[in-house]
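For reference, upload-v9.cif is printed below; it contains mmCIF, C-alpha atoms.
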data_data
#
loop_
_atom_site.label_atom_id
_atom_site.label_comp_id
_atom_site.auth_asym_id
_atom_site.auth_seq_id
_atom_site.Cartn_x
_atom_site.Cartn_y
_atom_site.Cartn_z
CA MET Z 1 73.70 35.20 48.51
CA THR Z 2 72.13 32.05 49.95
CA PRO Z 3 72.03 29.27 47.33
CA ARG Z 4 68.56 28.05 46.39
CA VAL Z 5 67.68 24.57 47.61
CA SER Z 6 67.18 22.31 44.61
CA LEU Z 7 63.90 20.47 44.03
CA ALA Z 8 65.75 17.15 44.05
CA ALA Z 9 67.27 17.92 47.44
CA LEU Z 10 63.88 18.80 48.89
CA ARG Z 11 62.34 15.61 47.58
CA SER Z 12 65.10 13.59 49.25
CA LEU Z 13 64.08 15.07 52.62
CA LEU Z 14 60.43 14.04 52.32
CA ILE Z 15 59.09 10.96 54.04
CA GLY Z 16 59.55 7.88 51.86
CA VAL Z 17 56.70 5.69 53.07
CA ALA Z 18 54.76 5.62 49.81
CA VAL Z 19 52.92 2.30 50.03
CA LEU Z 20 50.99 3.29 46.94
CA GLY Z 21 51.41 6.68 45.28
CA ALA Z 22 49.70 8.12 42.25
CA GLY Z 23 52.75 7.14 40.19
CA VAL Z 24 52.47 9.90 37.64
CA PRO Z 25 55.41 10.57 35.34
CA LYS Z 26 57.76 13.48 35.92
CA ALA Z 27 57.13 16.42 33.65
CA ALA Z 28 58.23 19.91 32.80
CA GLU Z 29 56.68 22.86 34.57
CA LYS Z 30 54.55 23.53 31.49
CA PHE Z 31 52.50 20.37 31.18
CA ALA Z 32 50.01 20.03 28.34
CA ILE Z 33 47.25 17.42 28.09
CA PRO Z 34 43.71 17.50 26.70
CA ALA Z 35 41.43 19.30 29.16
CA GLN Z 36 38.04 17.83 30.00
CA PRO Z 37 35.21 19.68 31.76
CA PRO Z 38 34.31 17.92 35.02
CA PRO Z 39 30.73 17.05 35.91
CA ALA Z 40 29.39 18.48 39.17
CA ALA Z 41 28.89 15.14 40.94
CA LEU Z 42 30.58 15.51 44.32
CA ALA Z 43 28.84 13.91 47.28
CA ALA Z 44 29.33 13.75 51.05
CA ASP Z 45 31.16 10.70 52.37
CA LYS Z 46 32.96 9.59 55.52
CA GLY Z 47 34.78 6.45 56.54
CA ARG Z 48 37.99 4.54 57.11
CA PHE Z 49 40.25 2.59 54.75
CA ARG Z 50 42.56 -0.23 55.79
CA ILE Z 51 45.87 -0.18 53.90
CA LEU Z 52 47.13 -3.69 53.10
CA VAL Z 53 50.35 -4.88 51.50
CA GLY Z 54 50.79 -8.58 50.84
CA GLY Z 55 47.59 -9.20 52.77
CA GLN Z 56 48.97 -7.58 55.93
CA GLN Z 57 47.63 -4.30 57.30
CA VAL Z 58 50.33 -1.61 57.33
CA GLY Z 59 48.16 1.41 57.95
CA LYS Z 60 44.78 3.09 57.92
CA GLU Z 61 43.16 6.29 56.70
CA ASP Z 62 40.24 8.20 58.19
CA PHE Z 63 38.55 10.64 55.82
CA GLU Z 64 35.52 12.77 55.16
CA ILE Z 65 34.16 14.69 52.16
CA VAL Z 66 31.74 17.46 53.11
CA GLN Z 67 30.09 20.44 51.52
CA SER Z 68 31.28 23.81 52.81
CA GLY Z 69 29.12 26.65 51.52
CA ALA Z 70 29.39 26.68 47.74
CA ASN Z 71 32.57 24.56 47.86
CA TRP Z 72 33.55 21.09 49.04
CA VAL Z 73 36.27 19.94 51.42
CA ALA Z 74 37.93 16.51 51.25
CA ARG Z 75 40.20 15.77 54.20
CA GLY Z 76 41.97 12.66 55.39
CA THR Z 77 44.63 11.43 57.78
CA SER Z 78 46.58 8.24 57.18
CA GLU Z 79 48.93 6.38 59.51
CA LEU Z 80 51.51 4.01 58.07
CA LYS Z 81 54.06 1.69 59.63
CA GLY Z 82 57.41 1.81 57.85
CA THR Z 83 61.03 0.99 58.46
CA ASP Z 84 61.44 4.39 60.18
CA GLY Z 85 58.44 3.86 62.46
CA LEU Z 86 54.98 5.40 62.26
CA THR Z 87 54.31 8.17 59.75
CA GLN Z 88 51.17 10.30 59.71
CA VAL Z 89 50.04 12.11 56.56
CA THR Z 90 47.24 14.69 56.61
CA GLY Z 91 45.67 16.42 53.62
CA THR Z 92 42.85 18.95 53.29
CA LEU Z 93 41.62 19.70 49.78
CA GLU Z 94 39.15 22.50 49.08
CA LEU Z 95 37.23 22.07 45.82
CA HIS Z 96 35.01 24.34 43.77
CA ALA Z 97 31.51 23.10 43.05
CA ASP Z 98 32.63 21.78 39.64
CA GLY Z 99 35.35 19.65 41.23
CA THR Z 100 38.34 21.83 40.36
CA PRO Z 101 40.76 22.40 43.25
CA ALA Z 102 40.87 25.74 45.08
CA HIS Z 103 43.42 25.05 47.81
CA TYR Z 104 45.32 22.13 49.32
CA ASP Z 105 47.29 21.72 52.55
CA TRP Z 106 49.26 18.65 53.53
CA SER Z 107 51.67 17.69 56.29
CA THR Z 108 53.70 14.67 57.36
CA GLN Z 109 54.77 13.73 60.88
CA GLY Z 110 57.31 11.00 61.52
CA ALA Z 111 61.04 10.53 61.05
CA LYS Z 112 61.01 13.87 59.26
CA LYS Z 113 58.44 16.66 59.22
CA ALA Z 114 57.17 18.55 56.18
CA SER Z 115 54.17 20.64 55.19
CA ALA Z 116 52.93 22.53 52.17
CA SER Z 117 50.24 24.98 51.12
CA ILE Z 118 49.10 24.95 47.49
CA GLY Z 119 46.96 27.57 45.81
CA PHE Z 120 45.21 26.88 42.51
CA ASN Z 121 44.39 29.68 40.11
CA GLY Z 122 42.77 28.16 37.03
CA PRO Z 123 45.45 26.01 35.37
CA THR Z 124 48.26 27.19 37.69
CA ALA Z 125 49.31 25.56 40.95
CA THR Z 126 51.71 27.36 43.31
CA ILE Z 127 53.31 25.20 46.00
CA ASN Z 128 54.89 26.63 49.14
CA LEU Z 129 56.84 23.83 50.81
CA VAL Z 130 58.45 23.70 54.25
CA VAL Z 131 60.69 20.73 55.08
CA GLU Z 132 62.40 20.21 58.40
CA GLY Z 133 66.06 21.15 58.02
CA ALA Z 134 65.68 23.00 54.71
CA LYS Z 135 64.88 26.50 53.54
CA PRO Z 136 61.22 27.08 52.49
CA PHE Z 137 60.73 26.43 48.80
CA THR Z 138 58.22 27.65 46.18
CA GLN Z 139 57.43 25.86 42.92
CA GLN Z 140 54.82 26.66 40.28
CA PHE Z 141 53.23 24.39 37.68
CA THR Z 142 50.97 25.43 34.81
CA PHE Z 143 48.64 22.93 33.16
CA ASN Z 144 46.84 23.05 29.85
CA GLY Z 145 43.29 23.64 31.07
CA PRO Z 146 41.72 24.27 34.48
CA LEU Z 147 40.98 20.67 35.52
CA ILE Z 148 43.61 19.38 37.96
CA ALA Z 149 43.04 16.27 40.04
CA VAL Z 150 45.00 16.05 43.29
CA LEU Z 151 46.22 12.51 44.04
CA ASP Z 152 48.64 12.66 46.94
CA ASN Z 153 50.75 9.83 48.34
CA ASN Z 154 48.94 7.62 50.86
CA LEU Z 155 45.70 9.66 50.85
CA TYR Z 156 43.31 7.30 49.10
CA HIS Z 157 40.04 9.17 49.62
CA GLN Z 158 41.25 11.47 46.83
CA TYR Z 159 40.56 8.61 44.40
CA ALA Z 160 36.92 8.87 45.50
CA VAL Z 161 37.00 12.48 44.30
CA LEU Z 162 38.60 11.37 41.02
CA ALA Z 163 35.80 8.85 40.54
CA ARG Z 164 33.29 11.68 40.94
CA LEU Z 165 35.12 13.77 38.33
CA TYR Z 166 34.82 10.92 35.83
CA ASP Z 167 31.90 11.47 33.45
CA TRP Z 168 29.90 8.27 33.90
CA ASN Z 169 27.39 9.28 31.24
CA LYS Z 170 30.06 9.82 28.62
CA LYS Z 171 32.07 6.72 29.65
CA GLY Z 172 35.15 5.75 27.66
CA ALA Z 173 38.75 6.68 28.46
CA GLN Z 174 39.06 10.16 30.00
CA THR Z 175 42.37 11.91 30.69
CA PHE Z 176 42.93 14.21 33.66
CA SER Z 177 45.86 16.41 34.53
CA VAL Z 178 47.06 15.49 38.00
CA LEU Z 179 49.34 16.82 40.72
CA VAL Z 180 51.04 14.69 43.38
CA PRO Z 181 51.81 17.38 45.98
CA GLN Z 182 54.13 15.42 48.30
CA SER Z 183 56.30 14.53 45.31
CA MET Z 184 55.81 17.96 43.69
CA THR Z 185 55.13 16.05 40.48
CA PRO Z 186 52.67 16.92 37.70
CA GLY Z 187 51.41 14.40 35.19
CA SER Z 188 48.26 12.81 33.86
CA VAL Z 189 46.01 9.84 34.51
CA THR Z 190 43.60 8.03 32.22
CA VAL Z 191 40.39 6.75 33.79
CA GLU Z 192 38.03 4.27 32.13
CA THR Z 193 35.04 2.29 33.36
CA LEU Z 194 35.18 -1.50 32.96
CA GLY Z 195 31.52 -1.85 33.86
CA PRO Z 196 29.85 -3.78 36.70
CA GLN Z 197 31.87 -6.57 38.34
CA ASN Z 198 31.05 -9.19 40.95
CA ALA Z 199 33.36 -8.71 43.92
CA GLU Z 200 32.96 -10.43 47.30
CA GLY Z 201 29.28 -11.02 46.74
CA LYS Z 202 28.60 -7.45 45.65
CA ARG Z 203 28.01 -5.94 42.25
CA LEU Z 204 30.48 -3.06 42.01
CA ASP Z 205 31.45 -0.68 39.23
CA GLU Z 206 35.10 -0.87 38.27
CA LEU Z 207 37.23 2.08 37.19
CA ARG Z 208 40.73 1.54 35.86
CA VAL Z 209 43.23 4.33 36.56
CA LYS Z 210 46.41 4.21 34.47
CA THR Z 211 49.61 6.19 34.16
CA GLU Z 212 52.88 5.33 32.47
CA ASP Z 213 54.07 3.80 35.74
CA ILE Z 214 51.13 2.19 37.51
CA GLU Z 215 47.68 0.71 37.04
CA LEU Z 216 44.99 0.75 39.73
CA ASP Z 217 41.51 -0.75 39.86
CA LEU Z 218 38.86 1.19 41.79
CA TYR Z 219 35.68 -0.58 42.89
CA LEU Z 220 32.65 1.56 43.66
CA GLU Z 221 29.12 0.98 44.93
CA HIS Z 222 26.84 3.71 43.57
CA GLN Z 223 30.00 5.82 42.98
CA ARG Z 224 31.06 5.29 46.61
CA LEU Z 225 34.65 4.04 46.77
CA ILE Z 226 34.85 0.61 48.39
CA ARG Z 227 38.20 -0.81 47.35
CA ILE Z 228 41.42 -0.03 45.46
CA ILE Z 229 43.70 -2.76 44.11
CA ALA Z 230 47.25 -2.21 42.82
CA PRO Z 231 48.34 -5.62 41.49
CA ASP Z 232 51.94 -4.61 40.71
CA ALA Z 233 52.45 -3.32 44.27
CA ASN Z 234 50.57 -6.26 45.85
CA ALA Z 235 48.62 -3.57 47.70
CA GLU Z 236 44.94 -3.16 48.52
CA ILE Z 237 42.93 -0.38 50.12
CA VAL Z 238 39.68 -1.60 51.65
CA ARG Z 239 36.84 0.39 53.26
CA GLU Z 240 35.83 -0.79 56.72
#

Full structure transcribed into structure tokens:
Amino acid sequence: MTPRVSLAALRSLLIGVAVLGAGVPKAAEKFAIPAQPPPAALAADKGRFRILVGGQQVGKEDFEIVQSGANWVARGTSELKGTDGLTQVTGTLELHADGTPAHYDWSTQGAKKASASIGFNGPTATINLVVEGAKPFTQQFTFNGPLIAVLDNNLYHQYAVLARLYDWNKKGAQTFSVLVPQSMTPGSVTVETLGPQNAEGKRLDELRVKTEDIELDLYLEHQRLIRIIAPDANAEIVRE
């Protein structure tokens, strides 16, 4: 009988060029947090982000969010320069009209190659992972409630989707279950508006995204993501 490849071994094979990941805590396969119904506030968007660390550009991401029939599709491709050379990460997320995920595909190209297909059925996510040099692997996570935000490593347009899931009318701190597919890690994030801020001559709305491990500040113009700052990582994501 062929021994099953462990989750830890598969993670070690994945590309380690996470300039800024979602940083969610590790959790058991059954992960319970308060569920919150998402508002239907998705909107079309397209653009490019520059990825900066210490003020120096280390990569870029091209993305688009479009309506596809009754659903939405958010797709992006990032390129990052790391110690192992250039790494490309691509993600395509299909969303229901209410913002809940239906399907997600991602792939990495670089020093190592990996890809995954993830199906969402209500509160359950089933991940089928293929990593170069390893046997295909399947993992399933079940969340408490149907709302799952996808925040993958180095795909920052997904924070624009998260900002749309936030209930701006309700305001206050709102908790979302979250999945980081490249890390095969479930967890939660808390999102809270800090109100309008003056930034580079513009009046932007600030959202703070917090986990146990990381804190990010999102700046939005009419709910359109303009900038992400991660002070602890000395990293910044800026729309061109």

Output check: residues returned by the PyMOL selection byres ((chain Z and resi 68) around 12), as a PDB file with C-alpha atoms, keeping the file's coordinate frame:
ATOM      1  CA  LEU Z  42      30.580  15.510  44.320  1.00  0.00           C
ATOM      2  CA  ALA Z  43      28.840  13.910  47.280  1.00  0.00           C
ATOM      3  CA  ALA Z  44      29.330  13.750  51.050  1.00  0.00           C
ATOM      4  CA  ILE Z  65      34.160  14.690  52.160  1.00  0.00           C
ATOM      5  CA  VAL Z  66      31.740  17.460  53.110  1.00  0.00           C
ATOM      6  CA  GLN Z  67      30.090  20.440  51.520  1.00  0.00           C
ATOM      7  CA  GLY Z  69      29.120  26.650  51.520  1.00  0.00           C
ATOM      8  CA  ALA Z  70      29.390  26.680  47.740  1.00  0.00           C
ATOM      9  CA  ASN Z  71      32.570  24.560  47.860  1.00  0.00           C
ATOM     10  CA  TRP Z  72      33.550  21.090  49.040  1.00  0.00           C
ATOM     11  CA  VAL Z  73      36.270  19.940  51.420  1.00  0.00           C
ATOM     12  CA  ALA Z  74      37.930  16.510  51.250  1.00  0.00           C
ATOM     13  CA  LEU Z  93      41.620  19.700  49.780  1.00  0.00           C
ATOM     14  CA  GLU Z  94      39.150  22.500  49.080  1.00  0.00           C
ATOM     15  CA  LEU Z  95      37.230  22.070  45.820  1.00  0.00           C
ATOM     16  CA  HIS Z  96      35.010  24.340  43.770  1.00  0.00           C
ATOM     17  CA  ALA Z  97      31.510  23.100  43.050  1.00  0.00           C
TER      18      ALA Z  97
END

Fewer than 2 positions away in the same chain doesn't count, so skip those; otherwise give me all residues within 10 Å of Ala235 in chain Z, counting all atoms listed in the file, as a list of chain:residue names.
->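 Non-adjacent residues within range: Z:Val19, Z:Leu20, Z:Ile51, Z:Leu52, Z:Val53, Z:Gly54, Z:Gly55, Z:Gln56, Z:Gln57, Z:Val58, Z:Leu216, Z:Ile228, Z:Ile229, Z:Ala230, Z:Pro231, Z:Asp232, Z:Ala233, Z:Ile237, Z:Val238.
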
If you keep C-alpha atoms, can you produce a file of those selected residues as a PDB file, in the coordinates of the input?
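Listed below is the output, result.pdb:
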ATOM      1  CA  VAL Z  19      52.920   2.300  50.030  1.00  0.00           C
ATOM      2  CA  LEU Z  20      50.990   3.290  46.940  1.00  0.00           C
ATOM      3  CA  ILE Z  51      45.870  -0.180  53.900  1.00  0.00           C
ATOM      4  CA  LEU Z  52      47.130  -3.690  53.100  1.00  0.00           C
ATOM      5  CA  VAL Z  53      50.350  -4.880  51.500  1.00  0.00           C
ATOM      6  CA  GLY Z  54      50.790  -8.580  50.840  1.00  0.00           C
ATOM      7  CA  GLY Z  55      47.590  -9.200  52.770  1.00  0.00           C
ATOM      8  CA  GLN Z  56      48.970  -7.580  55.930  1.00  0.00           C
ATOM      9  CA  GLN Z  57      47.630  -4.300  57.300  1.00  0.00           C
ATOM     10  CA  VAL Z  58      50.330  -1.610  57.330  1.00  0.00           C
ATOM     11  CA  LEU Z 216      44.990   0.750  39.730  1.00  0.00           C
ATOM     12  CA  ILE Z 228      41.420  -0.030  45.460  1.00  0.00           C
ATOM     13  CA  ILE Z 229      43.700  -2.760  44.110  1.00  0.00           C
ATOM     14  CA  ALA Z 230      47.250  -2.210  42.820  1.00  0.00           C
ATOM     15  CA  PRO Z 231      48.340  -5.620  41.490  1.00  0.00           C
ATOM     16  CA  ASP Z 232      51.940  -4.610  40.710  1.00  0.00           C
ATOM     17  CA  ALA Z 233      52.450  -3.320  44.270  1.00  0.00           C
ATOM     18  CA  ILE Z 237      42.930  -0.380  50.120  1.00  0.00           C
ATOM     19  CA  VAL Z 238      39.680  -1.600  51.650  1.00  0.00           C
TER      20      VAL Z 238
END

What is the distance between CA of Leu207 in chain Z and CA of Tyr156 in chain Z, in Å to one decimal?
-> 14.4 Å

Find the residue from Z:Asn198, Z:Thr190, Z:Gln88, Z:Ser78 that sits nearest to Gly47 in chain Z; use all atoms listed in the file when measuring.
->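 With all atoms listed in the file as the atom set, the closest residue is Z:Ser78.
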
Quick one: apply the PyMOL selection byres ((chain Z and resi 89) around 10) to the file and drop the selected residues here as number ranges by chain.
-> Z: 15, 17, 61, 76-80, 87-88, 90-91, 106-110, 113-115, 152-155, 182

Name the closest residue to Ala199 in chain Z among the candidates Z:Asp98, Z:Glu240, Z:Glu221, Z:Glu64; distances are taken between atoms, counting all atoms listed in the file.
->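 Counting all atoms listed in the file, the residue closest to Ala199 in chain Z is Z:Glu221.
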
Take the PyMOL selection byres ((chain Z and resi 188) around 7), apply it to the structure above, and return the hits as a PyMOL selection string.
-> chain Z and resi 24+175-178+187+189-190+211

With all atoms listed in the file as the atoms that count, which of Z:Thr100, Z:Thr142, Z:Asn234, Z:Ser117 lies nearest to Val130 in chain Z?
->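 Closest to Val130 in chain Z, using all atoms listed in the file: Z:Ser117.
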
Tell me which of Z:Thr83, Z:Arg224, Z:Asn169, Z:Tyr159 sits closest to Val209 in chain Z, counting all atoms listed in the file.
->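 With all atoms listed in the file as the atom set, the closest residue is Z:Tyr159.
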
Work out how far apart CA of Ala41 in chain Z and CA of Arg164 in chain Z are and give it in Å to one decimal.
->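 Computed distance, CA of Ala41 in chain Z to CA of Arg164 in chain Z, equals 5.6 Å.
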
For Lys171 in chain Z, which of Z:Gly145, Z:Glu206, Z:Ile226, Z:Asp105 is the closest residue, counting only C-alpha atoms?
->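 Using only C-alpha atoms, the shortest distance to Lys171 in chain Z belongs to Z:Glu206.
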
What is the CA of Val191 in chain Z to CA of Asp217 in chain Z distance in Å?
->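 CA of Asp217 in chain Z lies at a distance of 9.7 Å from CA of Val191 in chain Z.
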
Which residue of Z:Lys170, Z:Glu192, Z:Pro101, Z:Thr185 approaches Ile148 in chain Z most closely, using all atoms listed in the file |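 For Ile148 in chain Z, the nearest of the given residues is Z:Pro101.
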
Could you please give me, as a PyMOL selection string, the residues of protein, DNA or RNA lying at most 6 Å from (35.3, -0.9, 40.2) in the coordinate frame of the file, considering only C-alpha atoms?
-> chain Z and resi 204-207+218-220
